[in-house]
Number of protein chains: 2
Amino acid sequence: VKFKLSLIALLAILASQSCFAQEMSPGDDSKPASSNIQGAEYPRIHSDLRVNFRLKAPDAQKVRLHLDKDYDLVRDSNGIWSVTTTPQVPGFHYYWFILDGVNVCDPASETFYGVSRQYSGIEVPETGVDFYLPKDVPHGEVRARWYFSKTTNGPRRAFVYTPSDYDTNTSARYPVLYLQHGMGEDARGWSTQGRANFILDNLIAAGNAKPMIVVMEDGGIAGGMGGGRRGGAARGGGSSSPGFAQILINDIIPMIDSTYRTISDREHRALAGLSMGGTQTYQITQANLDKFAWIGAFSAPFGFPDVKTGYNGLLADPAAFAKQVKLLYVSMGTEEAGRMGGSRTFHEALDKAGVKHVYYESPGTAHEWQTWRRSLNDFAPRLFQK
Amino acid sequence: VKFKLSLIALLAILASQSCFAQEMSPGDDSKPASSNIQGAEYPRIHSDLRVNFRLKAPDAQKVRLHLDKDYDLVRDSNGIWSVTTTPQVPGFHYYWFILDGVNVCDPASETFYGVSRQYSGIEVPETGVDFYLPKDVPHGEVRARWYFSKTTNGPRRAFVYTPSDYDTNTSARYPVLYLQHGMGEDARGWSTQGRANFILDNLIAAGNAKPMIVVMEDGGIAGGMGGGRRGGAARGGGSSSPGFAQILINDIIPMIDSTYRTISDREHRALAGLSMGGTQTYQITQANLDKFAWIGAFSAPFGFPDVKTGYNGLLADPAAFAKQVKLLYVSMGTEEAGRMGGSRTFHEALDKAGVKHVYYESPGTAHEWQTWRRSLNDFAPRLFQK
C-alpha cells in the first residue's frame with residue numbers, strides 16, 4: 001500500500017504535476033511564486049503583482065480564495081477553477097482556498113504555520129528590495145536545538161541563528177537577541193516566513209549589524225499570552241502549563257548561555273517580538289529588566305507599558321530609564337488600524353513624556369510579515385552598539 | 001485585512017480550535033497523535049492503533065480519507081465527518097482527505113513534504129520502541145546551512161546534523177554520512193519524517209555509534225533520478241539542470257569539508273539513501289568509489305549493480321571489493337513486494353557471488369519511514385568502525 005504512494009509520486013512527476021492543475025507557462029509576464037512547491041507553475045505573479053491562482057476540482061460546487069479578501073474562482077470545462085486577484089502588497093501573505101465551505105491549503109504551495117495551523121503562503125516580490133533574500137554572502141546557520149525543559153518536564157526545540165563566523169572565530173563571544181513570533185504562529189515563523197537569518201546575514205556581511213546569536217522559541221499559542229496550555233502535552237512534555245516568561249527565564253536563557261559562546265550580561269541580551277510577541281516583550285522586560293537592556297516590540301496589539309507606572313515606575317524618570325534601557329524600539333505598519341495601531345499611540349505618549357526611544361512605521365504594510373521583516377532590518381543594526 | 005487574520009486566530013483560540021472539529025477528549029483510551037498541530041484533539045489513536053479522524057465540512061458532498069486504504073467518512077448532524085480506521089502499522093504515514101474529489105490536508109495535522117507536495121502525516125507509536133524519540137540525552141543539532149552552488153548558479157540549502165559534542169570538542173574531526181531522501185520528498189524528510197537526528201543522538205549517547213556529521217540535501221524530484229529539472233529555478237537558482245550526482249560531488253562535499261571539521265578521506269565518508277536515494281547511492285558510489293567507502297541503500301526500487309559488472313567490475317572480485325568497500329548495506333521492509341522488493345533479490349545475488357555485505361529486513365513494514373528509521377538505526381552503528 002505504501003508502494004502505491006511512490007507510484008503516485010512517479011505518475012505525478014511523469015505527468016508534470018498535472019494533479020496540481022499545472023500547465024506550461026501561459027506566455028505572459030507572470031512567474032511562479034517562489035513560495036510554490038518545487039515545479040509548481042501556479043500560483044503565478046504578474047509584474048503588476050496581480051496573482052493567478054488555480055485549483056483542479058472537477059467535482060466541487062464552489063471554490064473561493066482567501067487572500068487580502070475573498071475571491072470567487074471560476075470553473076472551466078476541465079474542472080480547473082481559477083482567479084486573478086487585484087495587485088497584492090509585496091511581502092508574505094497567508095492564503096487558503098475555501099473548497100465547498102472548508103478552508104484548505106493550495107496543493108501547489110509550501111505550507112507555513114500561521115493562524116494556528118498549517119496554511120499556504122505566497123511570497124510577493126518587492127521591486128529592488130533584497131535585504132531578506134539569500135544573497136551570495138557568508139551565511140549563518142539556523143540550528144534546531146532540542147533540549148530538556150525542567151519547567152515543562154519534556155523536550156523543547158529552539159531555533160538558534162549563529163552568525164557566519166561562529167564556527168571559525170572560536171574564541172569570540174556573541175550578544176543574543178531573543179526574537180518571538182506572533183499569535184497563531186510558532187518558533188518556525190521568524191526564519192521561514194520572516195527570513196530573519198537572511199536579514200541578519202545581509203546586515204552582518206555589509207558591516208551594518210554586529211554579529212549576534214538569535215534565538216527563536218515557541219511563545220505559546222493555545223494558552224494565549226501566558227503560553228503553552230496544551231503545547232506541553234502535544235510536544236511530549238508534561239501536563240503542567242507554565243507561561244512562556246517562566247520557560248524563557250528558567251530554561252531557555254540558561255540553556256543558551258551554557259551551550260553557546262554568549263556574552264551573558266544584560267547589556268548583551270535583547271528581547272523583541274512581533275504582535276503577541278511584542279506584548280510578551282513588554283511584559284517580560286518589565287518583570288526582568290535585570291536581564292534585558294535592549295527591547296523591541298513590532299506591531300504589539302496591546303499590553304503597552306503605562307508611561308507613568310511602566311517598568312516599575314522607571315518610565316516616569318526618562319533619564320533613569322535611558323540609563324537602564326539601551327534601546328526601546330517600537331514599530332508598526334502604516335496600514336495597521338484600530339486595536340493593532342496602539343504602537344503609534346504609545347510612541348506619542350513616550351514622546352510627550354520625554355522617554356528616549358526609536359519609532360518606525362513600515363510604509364504601506366499592515367499587520368503582516370513585511371512590516372516585521374523591515375522592522376528587524378531597522379532594529380538589528382541598533383543592537384549592542386556602544 | 002491582515003488584521004483579520006489575527007482576529008481569526010484569536011477567535012479560533014477562544015473557541016478551542018472549534019474550526020478543526022475539535023472537541024474534548026471522548027473518554028476512551030485514545031490519545032491525540034503527536035503529529036497533530038498544537039492543541040488539536042483529533043486525529044486520535046486508540047491503544048490498538050485504530051485511528052479516529054474528523055473533519056468539519058457541513059457543505060461537503062463526500063469526504064474520504066486516504067491512509068493505508070481509502071475510507072468513507074460519515075457525516076453527523078453538525079456537519080462533522082468522521083471515521084475510525086482499522087489498526088495501523090506503527091510509524092509515520094502520509095495521509096489526506098479527499099474532499100469532494102480533491103486531495104486536501106487535514107487542518108489538524110502538521111504537514112510533511114512527501115508525494116511531491118505538502119501532505120498530512122500521522123505518527124503511530126510503536127509500543128516499547130523509543131530509538132527515534134527525543135530522549136533526555138545530549139542532543140546534536142540539525143543546522144540549516146545555505147550556500148552558493150556553482151553548479152546550479154544559485155543558493156541551496158543543506159541540513160547538517162552535528163553531534164552533541166561538536167561545539168565543545170573543538171579539536172575533534174568527524175566522519176560524514178551523506179543521507180538521501182526518496183522520490184517526492186526533499187532534504188527535510190530525514191530529520192522531520194525520519195527523525196535521523198534523534199536516532200543518531202540516542203545511538204551516540206549509548207556508545208553504539210561513532211559521533212558523525214550527517215548531511216541531508218535535495219536529491220532532486222521533478223527531474224527524476226537525475227534531479228533538479230525545475231528545482232533550480234524554483235529555489236532562485238539558474239535554469240540549468242545538472243544532476244544530483246554533479247551537485248553532490250562538485251558543490252556539497254567540498255562545501256561540507258571546508259565548513260565543518262570533517263575527516264575528508266573516503267574511509268570516513270559514507271553515502272546512503274532510501275528508495276530513489278538508494279538507487280542514487282548505487283549510481284553515485286559506482287562512479288565515485290574514490291570518494292566513498294561506506295554504502296547504504298534502503299528500499300532501493302531499482303538500479304541495483306550487476307554482480308558481474310557492477311562497481312566497474314569490482315563486484316566480480318569479492319576480495320578486492322571487500323578491500324575497497326568497508327560496508328555495503330542493503331535493506332528493505334518485509335512487506336515490500338513486486339518492483340520494490342528488489343533488494344532481497346540483490347542480496348541473494350550478492351550472497352551467491354560471495355560478496356561481503358549486510359542485509360536487513362524490517363519486520364512488518366513496507367515502503368515507508370519505519371523501515372528507513374530502523375535501517376538507519378541498524379546501519380549507523382556499523383559506520384566508520386575500524
# chains A, B, ... in the order shown; residues from 1 in each chain; ligands from 1
call {"tool": "residues_around", "arguments": {"residues": "region 42-59 of chain A", "least_positions_apart": "2", "cutoff": "6 Å", "atoms": "only C-alpha atoms", "output": "ChimeraX atom specification"}}
result
/A:21,29-33,40,79-88 /B:100-102
call {"tool": "residues_around", "arguments": {"residues": "region 160-169 of chain B", "least_positions_apart": "3", "cutoff": "6 Å", "atoms": "only C-alpha atoms", "output": "list of chain:residue names"}}
result
B:Pro138, B:His139, B:Gly140, B:Glu141, B:Val142, B:Arg143, B:Ala172, B:Pro211, B:Ile213, B:Val214, B:Val215
call {"tool": "residues_around", "arguments": {"residues": "region 316-333 of chain A", "least_positions_apart": "2", "cutoff": "7 Å", "atoms": "only C-alpha atoms", "output": "PyMOL selection string"}}
result
chain A and resi 293-299+307-309+313-314+335-336+343+354-367+371+375
call {"tool": "select_by_dssp", "arguments": {"residues": "region 134-353 of chain A", "states": "helix (DSSP H, G or I)", "output": "PyMOL selection string"}}
result
chain A and resi 189-192+196-205+224-226+231-234+244-259+266-268+276-287+311-316+318-324+338-353
call {"tool": "select_by_dssp", "arguments": {"residues": "region 178-292 of chain A", "states": "strand (DSSP E or B)", "output": "list in words"}}
result
Tyr178, Leu179, Gln180, Ile213, Val214, Val215, Met216, Thr262, Arg269, Ala270, Leu271, Ala272, Gly273 and Leu274 of chain A
call {"tool": "write_last_selection", "arguments": {"atoms": "C-alpha atoms", "output": "compact mmCIF listing (two decimals), in the first residue's frame"}}
result
# COMPACT_ATOMS: atom_id res chain seq x y z
CA TYR A 178 15.63 36.55 21.69
CA LEU A 179 13.10 37.02 18.90
CA GLN A 180 9.47 35.99 19.28
CA ILE A 213 23.08 34.97 18.04
CA VAL A 214 19.31 35.00 17.53
CA VAL A 215 17.12 32.59 19.48
CA MET A 216 13.60 31.78 18.29
CA THR A 262 27.32 34.13 24.51
CA ARG A 269 20.87 40.48 25.70
CA ALA A 270 17.85 41.75 23.75
CA LEU A 271 14.23 40.68 23.67
CA ALA A 272 11.96 41.53 20.76
CA GLY A 273 8.80 40.16 19.26
CA LEU A 274 6.03 40.78 16.82
call {"tool": "closest_residue", "arguments": {"among": "A:Asp251, A:Asp351, A:Glu267, A:Asp136", "to": "chain B", "atoms": "only C-alpha atoms"}}
result
A:Asp136
call {"tool": "atom_distance", "arguments": {"atom1": "CA of Arg173 (chain A)", "atom2": "CA of Arg266 (chain A)"}}
result
14.2 Å
call {"tool": "decode", "arguments": {"residues": "region 303-382 of chain B", "atoms": "C-alpha atoms", "output": "PDB file, in the first residue's frame"}}
result
ATOM      1  CA  GLY B 303      19.244   0.416 -10.262  1.00  0.00           C
ATOM      2  CA  PHE B 304      20.953  -2.490  -8.487  1.00  0.00           C
ATOM      3  CA  PRO B 305      24.547  -3.052  -9.578  1.00  0.00           C
ATOM      4  CA  ASP B 306      25.114  -6.174 -11.644  1.00  0.00           C
ATOM      5  CA  VAL B 307      27.117  -8.675  -9.597  1.00  0.00           C
ATOM      6  CA  LYS B 308      29.384  -9.385 -12.597  1.00  0.00           C
ATOM      7  CA  THR B 309      29.935  -5.874 -13.931  1.00  0.00           C
ATOM      8  CA  GLY B 310      28.924  -3.548 -11.086  1.00  0.00           C
ATOM      9  CA  TYR B 311      31.399  -1.143  -9.493  1.00  0.00           C
ATOM     10  CA  ASN B 312      33.486  -1.243 -12.673  1.00  0.00           C
ATOM     11  CA  GLY B 313      33.785  -4.995 -12.416  1.00  0.00           C
ATOM     12  CA  LEU B 314      34.929  -4.899  -8.817  1.00  0.00           C
ATOM     13  CA  LEU B 315      31.858  -6.865  -7.668  1.00  0.00           C
ATOM     14  CA  ALA B 316      33.127  -9.819  -9.699  1.00  0.00           C
ATOM     15  CA  ASP B 317      36.172  -9.915  -7.408  1.00  0.00           C
ATOM     16  CA  PRO B 318      34.715 -10.231  -3.890  1.00  0.00           C
ATOM     17  CA  ALA B 319      38.105  -9.989  -2.156  1.00  0.00           C
ATOM     18  CA  ALA B 320      39.045  -6.800  -3.992  1.00  0.00           C
ATOM     19  CA  PHE B 321      35.549  -5.382  -3.406  1.00  0.00           C
ATOM     20  CA  ALA B 322      35.714  -6.114   0.334  1.00  0.00           C
ATOM     21  CA  LYS B 323      39.070  -4.361   0.481  1.00  0.00           C
ATOM     22  CA  GLN B 324      37.700  -1.232  -1.212  1.00  0.00           C
ATOM     23  CA  VAL B 325      34.222  -1.107   0.283  1.00  0.00           C
ATOM     24  CA  LYS B 326      34.145  -1.143   4.086  1.00  0.00           C
ATOM     25  CA  LEU B 327      30.398  -1.700   4.144  1.00  0.00           C
ATOM     26  CA  LEU B 328      27.749  -2.491   1.571  1.00  0.00           C
ATOM     27  CA  TYR B 329      24.434  -2.330   3.406  1.00  0.00           C
ATOM     28  CA  VAL B 330      21.165  -3.358   1.759  1.00  0.00           C
ATOM     29  CA  SER B 331      17.747  -3.280   3.408  1.00  0.00           C
ATOM     30  CA  MET B 332      14.010  -3.277   2.833  1.00  0.00           C
ATOM     31  CA  GLY B 333      10.757  -3.948   4.678  1.00  0.00           C
ATOM     32  CA  THR B 334       9.338  -7.462   4.757  1.00  0.00           C
ATOM     33  CA  GLU B 335       6.069  -6.133   3.317  1.00  0.00           C
ATOM     34  CA  GLU B 336       7.648  -4.625   0.212  1.00  0.00           C
ATOM     35  CA  ALA B 337       6.611  -6.546  -2.858  1.00  0.00           C
ATOM     36  CA  GLY B 338       6.956  -6.522  -6.613  1.00  0.00           C
ATOM     37  CA  ARG B 339       9.296  -3.895  -8.005  1.00  0.00           C
ATOM     38  CA  MET B 340      10.071  -2.522  -4.552  1.00  0.00           C
ATOM     39  CA  GLY B 341      11.324  -5.916  -3.367  1.00  0.00           C
ATOM     40  CA  GLY B 342      14.468  -5.943  -5.495  1.00  0.00           C
ATOM     41  CA  SER B 343      16.752  -5.517  -2.502  1.00  0.00           C
ATOM     42  CA  ARG B 344      16.160  -9.104  -1.410  1.00  0.00           C
ATOM     43  CA  THR B 345      16.963 -10.363  -4.910  1.00  0.00           C
ATOM     44  CA  PHE B 346      20.110  -8.251  -4.948  1.00  0.00           C
ATOM     45  CA  HIS B 347      21.101  -9.607  -1.534  1.00  0.00           C
ATOM     46  CA  GLU B 348      20.630 -13.156  -2.739  1.00  0.00           C
ATOM     47  CA  ALA B 349      22.741 -12.461  -5.830  1.00  0.00           C
ATOM     48  CA  LEU B 350      25.475 -10.947  -3.634  1.00  0.00           C
ATOM     49  CA  ASP B 351      25.365 -13.979  -1.364  1.00  0.00           C
ATOM     50  CA  LYS B 352      25.583 -16.342  -4.303  1.00  0.00           C
ATOM     51  CA  ALA B 353      28.524 -14.385  -5.722  1.00  0.00           C
ATOM     52  CA  GLY B 354      30.253 -14.396  -2.338  1.00  0.00           C
ATOM     53  CA  VAL B 355      30.231 -10.607  -1.977  1.00  0.00           C
ATOM     54  CA  LYS B 356      30.515  -9.453   1.613  1.00  0.00           C
ATOM     55  CA  HIS B 357      27.584  -7.240   2.619  1.00  0.00           C
ATOM     56  CA  VAL B 358      24.984  -6.718   5.337  1.00  0.00           C
ATOM     57  CA  TYR B 359      21.325  -7.350   4.612  1.00  0.00           C
ATOM     58  CA  TYR B 360      18.450  -6.289   6.868  1.00  0.00           C
ATOM     59  CA  GLU B 361      14.684  -6.687   6.598  1.00  0.00           C
ATOM     60  CA  SER B 362      12.404  -4.550   8.744  1.00  0.00           C
ATOM     61  CA  PRO B 363       9.694  -6.854  10.093  1.00  0.00           C
ATOM     62  CA  GLY B 364       6.104  -5.986   9.227  1.00  0.00           C
ATOM     63  CA  THR B 365       6.798  -2.739   7.417  1.00  0.00           C
ATOM     64  CA  ALA B 366       6.555  -1.758   3.780  1.00  0.00           C
ATOM     65  CA  HIS B 367       7.996   1.042   1.628  1.00  0.00           C
ATOM     66  CA  GLU B 368       7.696   3.562   4.454  1.00  0.00           C
ATOM     67  CA  TRP B 369       9.594   5.592   7.055  1.00  0.00           C
ATOM     68  CA  GLN B 370       9.513   2.968   9.815  1.00  0.00           C
ATOM     69  CA  THR B 371      11.551   0.707   7.503  1.00  0.00           C
ATOM     70  CA  TRP B 372      14.061   3.507   6.962  1.00  0.00           C
ATOM     71  CA  ARG B 373      14.264   4.597  10.615  1.00  0.00           C
ATOM     72  CA  ARG B 374      15.043   1.003  11.573  1.00  0.00           C
ATOM     73  CA  SER B 375      17.501   0.712   8.709  1.00  0.00           C
ATOM     74  CA  LEU B 376      19.362   3.831   9.826  1.00  0.00           C
ATOM     75  CA  ASN B 377      19.355   2.601  13.415  1.00  0.00           C
ATOM     76  CA  ASP B 378      20.910  -0.677  12.259  1.00  0.00           C
ATOM     77  CA  PHE B 379      23.243   0.919   9.683  1.00  0.00           C
ATOM     78  CA  ALA B 380      24.752   3.850  11.602  1.00  0.00           C
ATOM     79  CA  PRO B 381      26.437   1.721  14.338  1.00  0.00           C
ATOM     80  CA  ARG B 382      28.363  -0.143  11.607  1.00  0.00           C
TER      81      ARG B 382
END
